[in-house]
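Content type mmCIF, C-alpha atoms, from the file start-v1.cif:
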data_run
loop_
_atom_site.label_atom_id
_atom_site.label_comp_id
_atom_site.auth_asym_id
_atom_site.auth_seq_id
_atom_site.Cartn_x
_atom_site.Cartn_y
_atom_site.Cartn_z
CA MET A 11 -27.92 13.88 21.77
CA ASP A 12 -25.18 15.14 19.43
CA THR A 13 -25.91 13.74 15.95
CA SER A 14 -23.53 16.00 13.98
CA ARG A 15 -21.29 13.08 12.90
CA LEU A 16 -24.28 10.99 11.96
CA ARG A 17 -25.77 13.77 9.85
CA GLU A 18 -22.66 13.66 7.64
CA LEU A 19 -23.29 10.02 6.66
CA ALA A 20 -24.20 9.27 3.06
CA ILE A 21 -27.03 6.73 3.09
CA SER A 22 -28.35 4.96 0.00
CA ASP A 23 -31.88 3.64 -0.42
CA ALA A 24 -30.46 0.11 -0.33
CA GLY A 25 -29.02 0.66 3.15
CA PHE A 26 -25.39 1.23 2.20
CA VAL A 27 -23.83 3.78 4.55
CA PHE A 28 -20.60 5.72 3.92
CA ASP A 29 -18.85 7.79 6.56
CA PRO A 30 -17.05 10.56 4.63
CA THR A 31 -14.78 11.40 7.58
CA THR A 32 -13.35 7.92 8.13
CA GLY A 33 -14.13 6.11 4.88
CA HIS A 34 -15.86 3.32 6.76
CA THR A 35 -18.83 1.67 5.14
CA PHE A 36 -21.75 -0.25 6.62
CA ASN A 37 -24.71 -2.18 5.37
CA VAL A 38 -27.83 -1.72 7.45
CA ASN A 39 -31.22 -3.43 7.36
CA ALA A 40 -34.53 -1.73 6.73
CA THR A 41 -35.25 -0.91 10.37
CA ALA A 42 -31.81 0.60 10.93
CA LEU A 43 -32.17 2.55 7.70
CA LEU A 44 -35.42 4.05 8.92
CA LEU A 45 -33.85 4.98 12.26
CA LEU A 46 -30.75 6.53 10.70
CA ARG A 47 -32.88 8.69 8.45
CA ALA A 48 -35.01 9.75 11.38
CA LEU A 49 -31.92 10.63 13.41
CA LYS A 50 -30.52 12.66 10.51
CA GLU A 51 -33.71 14.69 10.74
CA ASN A 52 -33.17 15.11 14.50
CA ALA A 53 -36.18 12.97 15.34
CA GLY A 54 -36.71 12.11 18.99
CA SER A 55 -37.33 8.61 20.31
CA GLY A 56 -41.10 9.19 20.21
CA ARG A 57 -41.12 9.78 16.49
CA MET A 58 -38.74 6.90 15.86
CA LEU A 59 -41.10 4.65 17.79
CA THR A 60 -44.09 5.80 15.76
CA ASP A 61 -42.26 5.53 12.43
CA LEU A 62 -41.09 2.00 13.21
CA ALA A 63 -44.50 0.87 14.42
CA GLU A 64 -46.16 2.21 11.28
CA ALA A 65 -43.59 0.98 8.79
CA PHE A 66 -43.34 -2.55 10.15
CA GLU A 67 -46.83 -2.90 11.67
CA VAL A 68 -45.53 -3.73 15.11
CA ASP A 69 -47.56 -2.86 18.18
CA HIS A 70 -45.24 -4.06 20.96
CA GLU A 71 -44.04 -0.60 21.86
CA HIS A 72 -42.00 -1.84 24.77
CA ASP A 73 -39.92 -4.12 22.51
CA LEU A 74 -39.52 -1.39 19.94
CA ALA A 75 -38.24 1.08 22.54
CA ARG A 76 -35.70 -1.46 23.71
CA ASP A 77 -34.56 -2.13 20.12
CA ILE A 78 -34.18 1.58 19.46
CA GLU A 79 -32.09 2.02 22.60
CA GLU A 80 -29.90 -0.91 21.59
CA PHE A 81 -29.36 0.60 18.15
CA LEU A 82 -28.49 3.97 19.65
CA SER A 83 -25.87 2.36 21.87
CA GLN A 84 -24.30 0.75 18.79
CA LEU A 85 -24.14 4.15 17.13
CA ARG A 86 -22.46 5.54 20.26
CA GLU A 87 -19.89 2.74 20.12
CA HIS A 88 -19.05 3.75 16.55
CA GLY A 89 -18.75 7.39 17.61
CA LEU A 90 -21.62 8.44 15.34
CA ILE A 91 -23.71 9.96 18.13
CA ARG A 92 -22.71 11.33 21.49
CA MET B 30 -9.12 25.35 -12.77
CA ASN B 31 -7.07 26.41 -15.77
CA GLY B 32 -6.90 23.25 -17.83
CA GLY B 33 -5.78 24.96 -21.03
CA LEU B 34 -2.17 24.15 -20.33
CA SER B 35 0.34 23.91 -23.15
CA GLY B 36 4.02 23.06 -23.15
CA THR B 37 5.90 19.79 -23.17
CA ILE B 38 6.10 18.06 -19.82
CA ALA B 39 8.43 15.16 -19.02
CA VAL B 40 7.10 12.72 -16.42
CA THR B 41 9.37 10.10 -14.85
CA GLY B 42 8.50 6.78 -13.25
CA VAL B 43 6.29 5.23 -15.92
CA ASN B 44 6.61 1.66 -14.72
CA ALA B 45 3.32 0.34 -13.37
CA THR B 46 3.71 -3.10 -11.85
CA ASP B 47 1.90 -4.35 -8.73
CA ASN B 48 4.13 -1.81 -6.95
CA PRO B 49 3.42 1.03 -9.35
CA ALA B 50 5.41 4.22 -9.73
CA PRO B 51 3.46 7.50 -9.90
CA GLY B 52 4.38 8.44 -13.49
CA VAL B 53 1.39 6.86 -15.21
CA PRO B 54 -1.25 8.41 -12.91
CA VAL B 55 0.53 11.79 -13.06
CA ALA B 56 0.54 11.66 -16.87
CA ARG B 57 -3.08 10.52 -16.89
CA SER B 58 -4.10 13.41 -14.63
CA LEU B 59 -2.54 15.85 -17.09
CA ARG B 60 -3.99 14.12 -20.12
CA ASP B 61 -7.50 14.15 -18.65
CA ALA B 62 -7.41 17.79 -17.49
CA PRO B 63 -10.11 19.72 -19.39
CA GLY B 64 -8.54 21.67 -22.21
CA PHE B 65 -5.06 20.24 -21.72
CA CYS B 66 -3.22 20.81 -24.97
CA GLY B 67 0.36 20.10 -23.95
CA ARG B 68 2.57 17.16 -24.80
CA ILE B 69 3.65 14.51 -22.29
CA ILE B 70 6.97 12.70 -22.59
CA GLY B 71 7.33 9.59 -20.42
CA LEU B 72 10.74 8.88 -18.91
CA GLY B 73 11.59 5.39 -17.65
CA TYR B 74 14.48 3.09 -16.94
CA ASP B 75 13.52 0.04 -18.95
CA PRO B 76 12.06 -0.41 -22.44
CA LEU B 77 9.39 -2.61 -20.85
CA ASP B 78 8.14 0.05 -18.41
CA SER B 79 4.42 -0.42 -18.92
CA GLY B 80 3.50 3.27 -19.30
CA PHE B 81 5.33 3.29 -22.63
CA TYR B 82 2.63 0.95 -23.93
CA ALA B 83 -0.44 2.78 -22.56
CA SER B 84 -2.58 3.84 -25.49
CA GLY B 85 -3.01 7.58 -25.77
CA LEU B 86 -1.09 8.37 -22.60
CA LEU B 87 2.23 9.72 -23.86
CA ASP B 88 3.41 11.74 -26.85
CA GLY B 89 6.84 10.19 -26.70
CA GLY B 90 9.24 8.50 -24.36
CA ALA B 91 12.87 8.10 -23.42
CA ILE B 92 15.07 5.89 -21.27
CA LEU B 93 17.04 7.54 -18.47
CA PRO B 94 20.31 6.33 -16.97
CA TYR B 95 19.83 4.79 -13.53
CA PRO B 96 20.30 7.30 -10.68
CA SER B 97 23.27 5.25 -9.46
CA VAL B 98 25.18 6.18 -12.64
CA GLY B 99 25.42 9.73 -11.32
CA ARG B 100 24.19 13.25 -11.62
CA ASP B 101 26.20 14.18 -14.72
CA ALA B 102 24.77 11.29 -16.71
CA LEU B 103 21.23 12.34 -15.70
CA ARG B 104 21.83 15.98 -16.63
CA HIS B 105 23.30 14.99 -19.97
CA ALA B 106 20.32 12.71 -20.67
CA LEU B 107 17.77 15.39 -19.71
CA LEU B 108 19.42 17.98 -21.95
CA SER B 109 19.49 15.52 -24.81
CA ILE B 110 15.80 14.77 -24.25
CA ARG B 111 15.09 18.51 -24.20
CA ASP B 112 16.83 18.90 -27.54
CA GLN B 113 14.86 16.05 -29.04
CA PHE B 114 11.40 16.66 -27.58
CA GLY B 115 11.53 20.31 -26.55
CA ILE B 116 10.55 19.66 -22.94
CA ASN B 117 9.72 22.76 -20.86
CA ALA B 118 9.03 21.05 -17.53
CA LEU B 119 10.13 17.97 -15.62
CA LEU B 120 8.00 16.18 -13.01
CA PRO B 121 10.24 13.60 -11.29
CA ASN B 122 8.19 10.97 -9.48
CA LEU B 123 10.70 8.60 -7.87
CA ASP B 124 12.37 9.16 -4.49
CA SER B 125 15.71 8.06 -5.91
CA GLU B 126 15.66 10.87 -8.50
CA LEU B 127 14.74 13.80 -6.28
CA ARG B 128 18.06 14.73 -4.71
CA ALA B 129 19.82 14.82 -8.09
CA VAL B 130 17.06 16.81 -9.80
CA ILE B 131 16.80 19.32 -6.94
CA THR B 132 20.55 19.96 -7.01
CA MET B 133 20.45 20.63 -10.75
CA ALA B 134 17.14 22.55 -10.75
CA ASP B 135 18.84 25.89 -11.40
CA GLU B 136 20.81 24.49 -14.33
CA LEU B 137 17.67 22.91 -15.72
CA ARG B 138 15.76 26.16 -15.40
CA GLU B 139 18.50 27.97 -17.31
CA ALA B 140 18.18 25.27 -19.96
CA GLY B 141 14.45 25.96 -20.20
CA ILE B 142 13.24 23.05 -18.05
CA GLY B 143 11.15 24.07 -15.05
CA THR B 144 10.53 21.93 -11.98
CA CYS B 145 8.19 22.03 -8.98
CA LEU B 146 10.22 20.68 -6.08
CA PRO B 147 11.11 21.44 -2.47
CA ASP B 148 14.57 22.61 -1.47
CA LEU B 149 17.19 20.13 -0.30
CA ASN B 150 16.77 21.03 3.36
CA ALA B 151 13.05 20.26 3.26
CA LEU B 152 13.73 17.01 1.38
CA GLU B 153 16.18 15.92 4.05
CA ARG B 154 13.75 16.79 6.84
CA VAL B 155 11.06 14.42 5.51
CA SER B 156 13.43 11.45 5.25
CA LYS B 157 12.41 8.43 7.30
CA ALA B 158 15.41 8.87 9.56
CA GLN B 159 14.45 12.48 10.37
CA LEU B 160 10.72 11.90 10.82
CA PRO B 161 10.68 11.99 14.66
CA ARG B 162 12.52 15.34 14.72
CA LEU B 163 10.24 16.85 12.06
CA SER B 164 7.11 15.68 13.81
CA ALA B 165 8.22 17.28 17.05
CA ALA B 166 8.73 20.59 15.23
CA ALA B 167 5.36 20.36 13.48
CA GLY B 168 3.50 19.16 16.59
CA LEU B 169 2.61 15.74 15.18
CA ARG B 170 2.71 12.27 16.68
CA VAL B 171 4.83 9.49 15.18
CA PRO B 172 5.37 5.92 16.37
CA GLU B 173 8.66 5.53 18.21
CA SER B 174 11.38 4.88 15.63
CA GLU B 175 15.13 4.67 15.22
CA ALA B 176 17.51 4.83 12.27
CA LEU B 177 19.98 1.96 12.60
CA THR B 178 23.23 1.30 10.79
CA THR B 179 23.66 -2.21 12.23
CA PRO B 180 21.09 -4.78 13.37
CA ASP B 181 22.67 -4.78 16.83
CA GLY B 182 20.18 -2.17 18.05
CA LEU B 183 17.14 -4.23 17.07
CA PRO B 184 16.84 -6.43 20.21
CA LYS B 185 16.98 -3.40 22.51
CA PHE B 186 14.41 -1.52 20.41
CA ILE B 187 12.09 -4.53 20.32
CA LYS B 188 12.42 -5.00 24.07
CA ARG B 189 11.38 -1.38 24.56
CA VAL B 190 8.40 -1.13 22.17
CA GLY B 191 7.35 -4.80 21.81
CA LEU B 192 6.45 -6.79 18.72
CA PRO B 193 5.56 -6.44 15.95
CA VAL B 194 7.87 -3.75 14.61
CA VAL B 195 8.04 -2.22 11.15
CA VAL B 196 11.41 -2.38 9.37
CA LYS B 197 11.88 0.11 6.52
CA GLY B 198 14.45 0.84 3.84
CA PRO B 199 15.72 4.42 3.51
CA TYR B 200 13.74 4.98 0.29
CA TYR B 201 11.33 2.13 -0.30
CA GLY B 202 9.75 -0.80 1.43
CA ALA B 203 8.26 -1.64 4.79
CA TYR B 204 8.08 -5.03 6.45
CA VAL B 205 6.11 -5.93 9.56
CA ALA B 206 8.35 -8.23 11.61
CA HIS B 207 6.75 -10.46 14.23
CA SER B 208 9.96 -11.78 15.77
CA GLU B 209 13.48 -10.57 16.42
CA ALA B 210 14.89 -13.00 13.85
CA ASP B 211 12.34 -11.76 11.32
CA ALA B 212 13.39 -8.15 12.00
CA ILE B 213 17.09 -8.95 11.58
CA ALA B 214 16.42 -10.73 8.28
CA ALA B 215 14.40 -7.73 7.08
CA PHE B 216 17.23 -5.40 8.14
CA ARG B 217 19.73 -7.39 6.06
CA ASN B 218 17.38 -7.43 3.09
CA PHE B 219 16.83 -3.64 3.11
CA GLU B 220 20.53 -3.00 3.76
CA SER B 221 21.55 -5.02 0.70
CA THR B 222 18.78 -3.58 -1.51
CA TRP B 223 18.66 0.10 -0.56
CA GLY B 224 21.61 0.71 1.76
CA LEU B 225 21.72 2.32 5.18
CA PRO B 226 20.26 3.50 7.45
CA VAL B 227 17.48 1.01 8.01
CA ILE B 228 14.59 2.43 10.03
CA VAL B 229 12.77 0.42 12.68
CA GLN B 230 9.45 1.71 13.91
CA ALA B 231 6.93 0.65 16.54
CA PHE B 232 3.83 -0.84 14.93
CA ALA B 233 0.83 1.51 15.02
CA SER B 234 -2.50 -0.27 14.86
CA GLY B 235 -5.51 1.26 13.16
CA ASP B 236 -6.72 2.15 9.70
CA GLU B 237 -4.21 3.49 7.20
CA TYR B 238 -4.91 6.81 5.53
CA ASN B 239 -2.86 8.72 2.99
CA VAL B 240 -2.96 12.40 2.12
CA CYS B 241 -1.64 13.72 -1.19
CA ALA B 242 -0.95 17.44 -1.16
CA VAL B 243 0.85 20.23 -3.01
CA GLY B 244 2.56 23.14 -1.28
CA ASP B 245 3.40 26.49 -2.83
CA GLY B 246 6.86 26.81 -1.24
CA ARG B 247 5.78 29.67 1.02
CA GLY B 248 4.09 27.52 3.64
CA ASN B 249 0.66 27.39 2.02
CA THR B 250 -1.21 24.29 0.90
CA ILE B 251 -2.68 24.63 -2.58
CA GLY B 252 -4.61 21.37 -2.42
CA ALA B 253 -4.81 18.22 -0.32
CA VAL B 254 -6.83 15.04 -0.78
CA ALA B 255 -7.14 12.33 1.89
CA MET B 256 -7.81 8.68 1.10
CA ARG B 257 -8.48 5.54 3.12
CA LYS B 258 -6.96 2.35 1.75
CA LEU B 259 -9.62 -0.29 1.24
CA LEU B 260 -7.49 -3.10 -0.15
CA LEU B 261 -3.77 -3.89 0.07
CA THR B 262 -1.53 -6.08 -2.05
CA ASP B 263 0.78 -8.59 -0.42
CA LYS B 264 3.45 -5.86 -0.64
CA GLY B 265 1.21 -3.58 1.40
CA LYS B 266 0.44 -1.32 -1.54
CA GLY B 267 -3.03 0.17 -1.87
CA TRP B 268 -5.07 -1.57 -4.56
CA ALA B 269 -8.32 0.21 -3.77
CA GLY B 270 -9.15 3.31 -1.81
CA VAL B 271 -11.79 5.95 -1.17
CA THR B 272 -11.47 9.68 -0.62
CA VAL B 273 -12.42 11.00 2.80
CA VAL B 274 -12.72 14.54 4.10
CA ASN B 275 -11.13 14.20 7.50
CA PRO B 276 -10.29 17.55 9.13
CA ARG B 277 -7.62 16.03 11.39
CA LEU B 278 -5.70 14.46 8.51
CA LEU B 279 -5.96 17.58 6.38
CA SER B 280 -4.92 20.01 9.12
CA MET B 281 -1.99 17.74 10.01
CA THR B 282 -0.84 17.86 6.38
CA GLU B 283 -1.20 21.64 6.25
CA ALA B 284 0.88 21.94 9.45
CA LEU B 285 3.64 19.88 7.83
CA ILE B 286 3.63 21.91 4.63
CA GLY B 287 3.70 25.09 6.70
CA GLU B 288 6.61 23.90 8.83
CA LEU B 289 8.61 22.77 5.79
CA ARG B 290 7.53 25.57 3.41
CA TRP B 291 7.17 22.68 1.03
CA ARG B 292 7.05 23.28 -2.70
CA GLY B 293 5.55 20.60 -4.89
CA PRO B 294 3.87 17.28 -4.18
CA LEU B 295 4.08 15.06 -1.12
CA GLU B 296 2.21 12.18 0.44
CA VAL B 297 1.64 11.75 4.16
CA GLU B 298 0.94 8.23 5.41
CA ALA B 299 -0.90 8.10 8.72
CA ILE B 300 -2.65 5.66 11.03
CA LEU B 301 -5.95 6.65 12.59
CA SER B 302 -6.74 4.58 15.66
CA SER B 303 -10.22 3.69 16.85
CA HIS B 304 -9.81 6.50 19.40
CA ASP B 305 -9.30 9.08 16.60
CA ASP B 306 -5.62 9.26 17.42
CA VAL B 307 -3.52 10.23 14.35
CA GLN B 308 0.07 9.02 13.99
CA VAL B 309 2.26 9.87 10.99
CA ILE B 310 4.18 6.82 9.84
CA GLU B 311 5.88 8.17 6.74
CA ILE B 312 6.17 11.17 4.42
CA ASN B 313 6.93 10.63 0.75
CA PRO B 314 8.39 13.67 -1.05
CA ARG B 315 6.53 13.02 -4.31
CA PHE B 316 3.19 12.05 -5.76
CA PRO B 317 1.78 8.68 -4.71
CA ALA B 318 0.71 6.01 -7.20
CA TRP B 319 -2.92 6.92 -6.46
CA ALA B 320 -2.41 10.54 -7.64
CA TYR B 321 -5.08 10.20 -10.33
CA LEU B 322 -7.71 9.95 -7.58
CA THR B 323 -6.96 13.56 -6.64
CA ALA B 324 -7.97 14.65 -10.13
CA ALA B 325 -11.01 12.37 -10.07
CA ALA B 326 -12.11 13.85 -6.73
CA GLY B 327 -11.88 17.43 -7.98
CA GLN B 328 -8.33 18.54 -7.16
CA ASN B 329 -6.00 17.84 -10.07
CA LEU B 330 -2.77 18.11 -8.08
CA PRO B 331 -0.44 16.92 -10.89
CA LEU B 332 -1.86 19.67 -13.11
CA VAL B 333 -1.07 22.27 -10.43
CA CYS B 334 2.54 21.04 -10.29
CA ALA B 335 2.80 21.15 -14.08
CA GLN B 336 1.53 24.74 -14.03
CA MET B 337 4.07 25.69 -11.36
CA ALA B 338 6.92 23.93 -13.19
CA LEU B 339 6.03 25.73 -16.40
CA GLY B 340 5.89 29.07 -14.59
CA GLU B 341 2.19 29.39 -15.40
CA PRO B 342 -0.25 30.92 -12.93
CA ALA B 343 -1.41 28.24 -10.48
CA PRO B 344 -4.40 28.51 -8.16
CA SER B 345 -3.55 29.66 -4.63
CA ARG B 346 -6.10 27.24 -3.18
CA LEU B 347 -8.10 24.54 -4.92
CA PRO B 348 -11.81 24.16 -4.18
CA ALA B 349 -13.05 21.43 -1.84
CA TYR B 350 -12.97 17.88 -3.19
CA ALA B 351 -15.55 15.12 -3.04
CA ALA B 352 -15.56 12.39 -0.40
CA GLY B 353 -16.54 8.93 -1.58
CA ARG B 354 -14.58 8.84 -4.85
CA MET B 355 -13.00 5.42 -5.21
CA PHE B 356 -10.18 3.85 -7.13
CA VAL B 357 -9.84 0.14 -7.76
CA ARG B 358 -6.79 -0.97 -9.69
CA ILE B 359 -6.85 -3.55 -12.44
CA SER B 360 -4.20 -5.65 -14.11
CA LEU B 361 -4.70 -5.93 -17.82
CA ASP B 362 -2.61 -6.86 -20.80
CA GLN B 363 -1.73 -3.98 -23.10
CA ILE B 364 -1.29 -5.02 -26.70
CA SER B 365 1.51 -3.60 -28.79
CA ASP B 366 3.56 -4.69 -31.75
CA LEU B 367 7.31 -4.83 -31.44
CA SER B 368 7.97 -1.34 -32.74
CA THR B 369 7.69 0.43 -29.37
CA PHE B 370 9.93 -2.09 -27.65
CA ALA B 371 12.32 -2.08 -30.59
CA ALA B 372 12.63 1.71 -30.64
CA LEU B 373 13.21 1.99 -26.92
CA SER B 374 15.64 -0.92 -26.87
CA ALA B 375 17.68 0.21 -29.83
CA THR B 376 17.67 4.00 -29.42
CA GLY B 377 16.29 4.72 -25.95
CA ARG B 378 13.70 6.95 -27.58
CA LEU B 379 10.05 6.59 -28.52
CA ILE B 380 9.02 9.14 -31.11
CA GLY B 381 5.27 9.63 -31.41
CA PRO B 382 2.27 8.69 -29.30
CA THR B 383 2.18 5.53 -27.20
CA GLY B 384 -0.10 2.70 -28.14
CA ASP B 385 -0.03 3.41 -31.85
CA ILE B 386 0.17 -0.04 -33.41
CA SER B 387 -0.84 0.97 -36.93
#
Let me see the structure of the file written as structure tokens.
Amino acid sequence: MDTSRLRELAISDAGFVFDPTTGHTFNVNATALLLLRALKENAGSGRMLTDLAEAFEVDHEHDLARDIEEFLSQLREHGLIR
Amino acid sequence: MNGGLSGTIAVTGVNATDNPAPGVPVARSLRDAPGFCGRIIGLGYDPLDSGFYASGLLDGGAILPYPSVGRDALRHALLSIRDQFGINALLPNLDSELRAVITMADELREAGIGTCLPDLNALERVSKAQLPRLSAAAGLRVPESEALTTPDGLPKFIKRVGLPVVVKGPYYGAYVAHSEADAIAAFRNFESTWGLPVIVQAFASGDEYNVCAVGDGRGNTIGAVAMRKLLLTDKGKGWAGVTVVNPRLLSMTEALIGELRWRGPLEVEAILSSHDDVQVIEINPRFPAWAYLTAAAGQNLPLVCAQMALGEPAPSRLPAYAAGRMFVRISLDQISDLSTFAALSATGRLIGPTGDIS
């Protein structure tokens, strides 16, 4: 996965995201914020799964994996990962 | 950057309505440059130009004859202003002034007034009518466009590219027409206001970005700042924007400056589609009204032009600027007593700093 565009994003603690290449801004919720930060650190899906499960005390790993995949496809649509 | 600039710099275009001219932000960029110790003389066309009333902005002001009065009247006025205020440099900021000032640049230099402007050939090449030809030479994409001298060509153009189309005056203004009748009305309006030719352009959809840059006249870019418009007025003017560092926009601007060997400021207006496709829609041969954002982001482009106009050493390349710097305009009432208005109305001159109501 190419995350070079995503690593350029400026992300605030409140979940405000600024793309310095396009000027687009986004507001993301707490789960998306956690995933974006993990992706910026080149985390794989295993670590994202663990981080999410720990942070939000969720043990339905199957649902979490599906949610992560859905989020990644949204990032692809926005051209932030390839 | 060398901010310790001295000298007296005249800045034109100090009106700042909801369609602001660049004079106020250019003057503000100079005034805010660290160590700036020069004087700034604002030049306008009406005693009520709002920059004349901006507290602490100007060290004096003067009214110019309208460009339509002719080149001799402008030269006479500039020499008179030089005698009164001792100006060493002139930064013209309005499209309608550029041709006249460029043609008299040598005379002005001999009279001790430096400028920082392109040559006439480069100015002509960036005109709206010549944009398709220039873009082909510089390897850039532009929406299909035609320069028309009668509205008779509009139906054929619209049939070819579809609606909407953008109708533009030769100097100012752009109108998005959603019907043939709308386009013809816009043509007549621009013809009567600004003259011919009127330019009609295919509508390019996407986000609008602007790049403000300064060239050294030898094909090199000294500085360039890109900005995405966040909010538009009903006239389509940017009311808020944010700096971006977009390599495609910046390299496109550098290619243009290289092709033109541009000297001085310019603004490139471009549309970036959702597929990352860049199309140039217009080039303005002057600073934009958001020029102060360049200084705020770390590249004080008006200061560079002032240095070049004064014959002072200017940087060959400015350092990188910051993405994420924003501007948001505000309308506010400036308070003044009658003395500023009275002086400008009666004598065409404002002696002393603006905003002094003591």
* Fewer than 5 positions away in the same chain doesn't count, so skip those; otherwise give me all residues within 7 Å of segment 56-59 of chain A, counting all atoms listed in the file, as a list in words. => Leu45, Ala48, Leu74 and Ala75 of chain A
* Mind telling me what the PyMOL selection byres ((chain A) within 7 of (chain B)) catches here, as a list in words? -> Pro30, Thr31, Thr32 and Gly33 of chain A
Residues just named, written with C-alpha atoms as an mmCIF file, keeping the file's coordinate frame:
data_model
loop_
_atom_site.group_PDB
_atom_site.id
_atom_site.type_symbol
_atom_site.label_atom_id
_atom_site.label_comp_id
_atom_site.auth_asym_id
_atom_site.auth_seq_id
_atom_site.Cartn_x
_atom_site.Cartn_y
_atom_site.Cartn_z
ATOM 1 C CA PRO A 30 -17.050 10.560 4.630
ATOM 2 C CA THR A 31 -14.780 11.400 7.580
ATOM 3 C CA THR A 32 -13.350 7.920 8.130
ATOM 4 C CA GLY A 33 -14.130 6.110 4.880
#
Expected selection from the PyMOL selection byres ((chain A and resi 39) around 12), given as a PDB file with C-alpha atoms, keeping the file's coordinate frame:
ATOM      1  CA  ILE A  21     -27.030   6.730   3.090  1.00  0.00           C
ATOM      2  CA  SER A  22     -28.350   4.960   0.000  1.00  0.00           C
ATOM      3  CA  ASP A  23     -31.880   3.640  -0.420  1.00  0.00           C
ATOM      4  CA  ALA A  24     -30.460   0.110  -0.330  1.00  0.00           C
ATOM      5  CA  GLY A  25     -29.020   0.660   3.150  1.00  0.00           C
ATOM      6  CA  PHE A  26     -25.390   1.230   2.200  1.00  0.00           C
ATOM      7  CA  VAL A  27     -23.830   3.780   4.550  1.00  0.00           C
ATOM      8  CA  PHE A  36     -21.750  -0.250   6.620  1.00  0.00           C
ATOM      9  CA  ASN A  37     -24.710  -2.180   5.370  1.00  0.00           C
ATOM     10  CA  VAL A  38     -27.830  -1.720   7.450  1.00  0.00           C
ATOM     11  CA  ALA A  40     -34.530  -1.730   6.730  1.00  0.00           C
ATOM     12  CA  THR A  41     -35.250  -0.910  10.370  1.00  0.00           C
ATOM     13  CA  ALA A  42     -31.810   0.600  10.930  1.00  0.00           C
ATOM     14  CA  LEU A  43     -32.170   2.550   7.700  1.00  0.00           C
ATOM     15  CA  LEU A  44     -35.420   4.050   8.920  1.00  0.00           C
ATOM     16  CA  LEU A  45     -33.850   4.980  12.260  1.00  0.00           C
ATOM     17  CA  LEU A  46     -30.750   6.530  10.700  1.00  0.00           C
ATOM     18  CA  PHE A  81     -29.360   0.600  18.150  1.00  0.00           C
TER      19      PHE A  81
END
* Near-Leu16 of chain A list (9 Å; only C-alpha atoms; drop same-chain fewer than 6 positions) as a PyMOL selection string -> chain A and resi 29+46+49-50+85+89-91
* With distances taken over only C-alpha atoms, which of B:Ile310, B:Leu119, B:Asn329, B:Glu237 is nearest to Ser174 of chain B? -> B:Ile310
* To do: Between B:Pro180, B:Pro317, B:Pro76, B:Pro226, single out the one closest to Asp211 of chain B, counting all atoms listed in the file.
  =>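 That would be B:Pro180, the residue with the smallest distance to Asp211 of chain B.
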Return the padded bounding box of segment 365-370 of chain B as AutoDock Vina command-line options: axis-aligned, built from all atoms listed in the file, 8 Å added on each side, with centre and edge lengths in Å to one decimal.
--center_x 5.7 --center_y -2.2 --center_z -30.2 --size_x 24.4 --size_y 21.3 --size_z 21.1
* Structure fact -> With distances taken over all atoms listed in the file, the candidate from A:Met11, A:Gln84, A:Glu51, A:Asp77 nearest Ala63 of chain A is A:Asp77
* Written as a VMD selection string, what is the full residue list that the PyMOL selection byres ((chain B and resi 50) around 12) yields on the file shown? -> chain B and resid 40 to 49 51 to 56 72 to 74 78 to 80 121 to 125 201 266 315 to 320
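Across the structure, atom CA of Thr222 of chain B and atom CA of Asn150 of chain B are spaced 25.2 Å apart.
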* Structure fact -> Using all atoms listed in the file, the best pick from A:Ser14, A:Phe28, A:His72, A:Leu82 as closest to Gly54 of chain A would be A:Leu82
* So, counting all atoms listed in the file, which residue among B:Gly143, B:Pro342, B:Gly246, B:Gly265 is closest to Val195 of chain B? ->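 Closest to Val195 of chain B of all the choices is B:Gly265.
In this model, the gap between atom CA of Asp88 of chain B and atom CA of Leu379 of chain B comes to 8.6 Å.
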* Quick one: pull the distance between atom CA of Pro294 of chain B and atom CA of Ala242 of chain B, Å, one decimal. =>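 Taking atom CA of Pro294 of chain B as the start and atom CA of Ala242 of chain B as the end point, the length is 5.7 Å.
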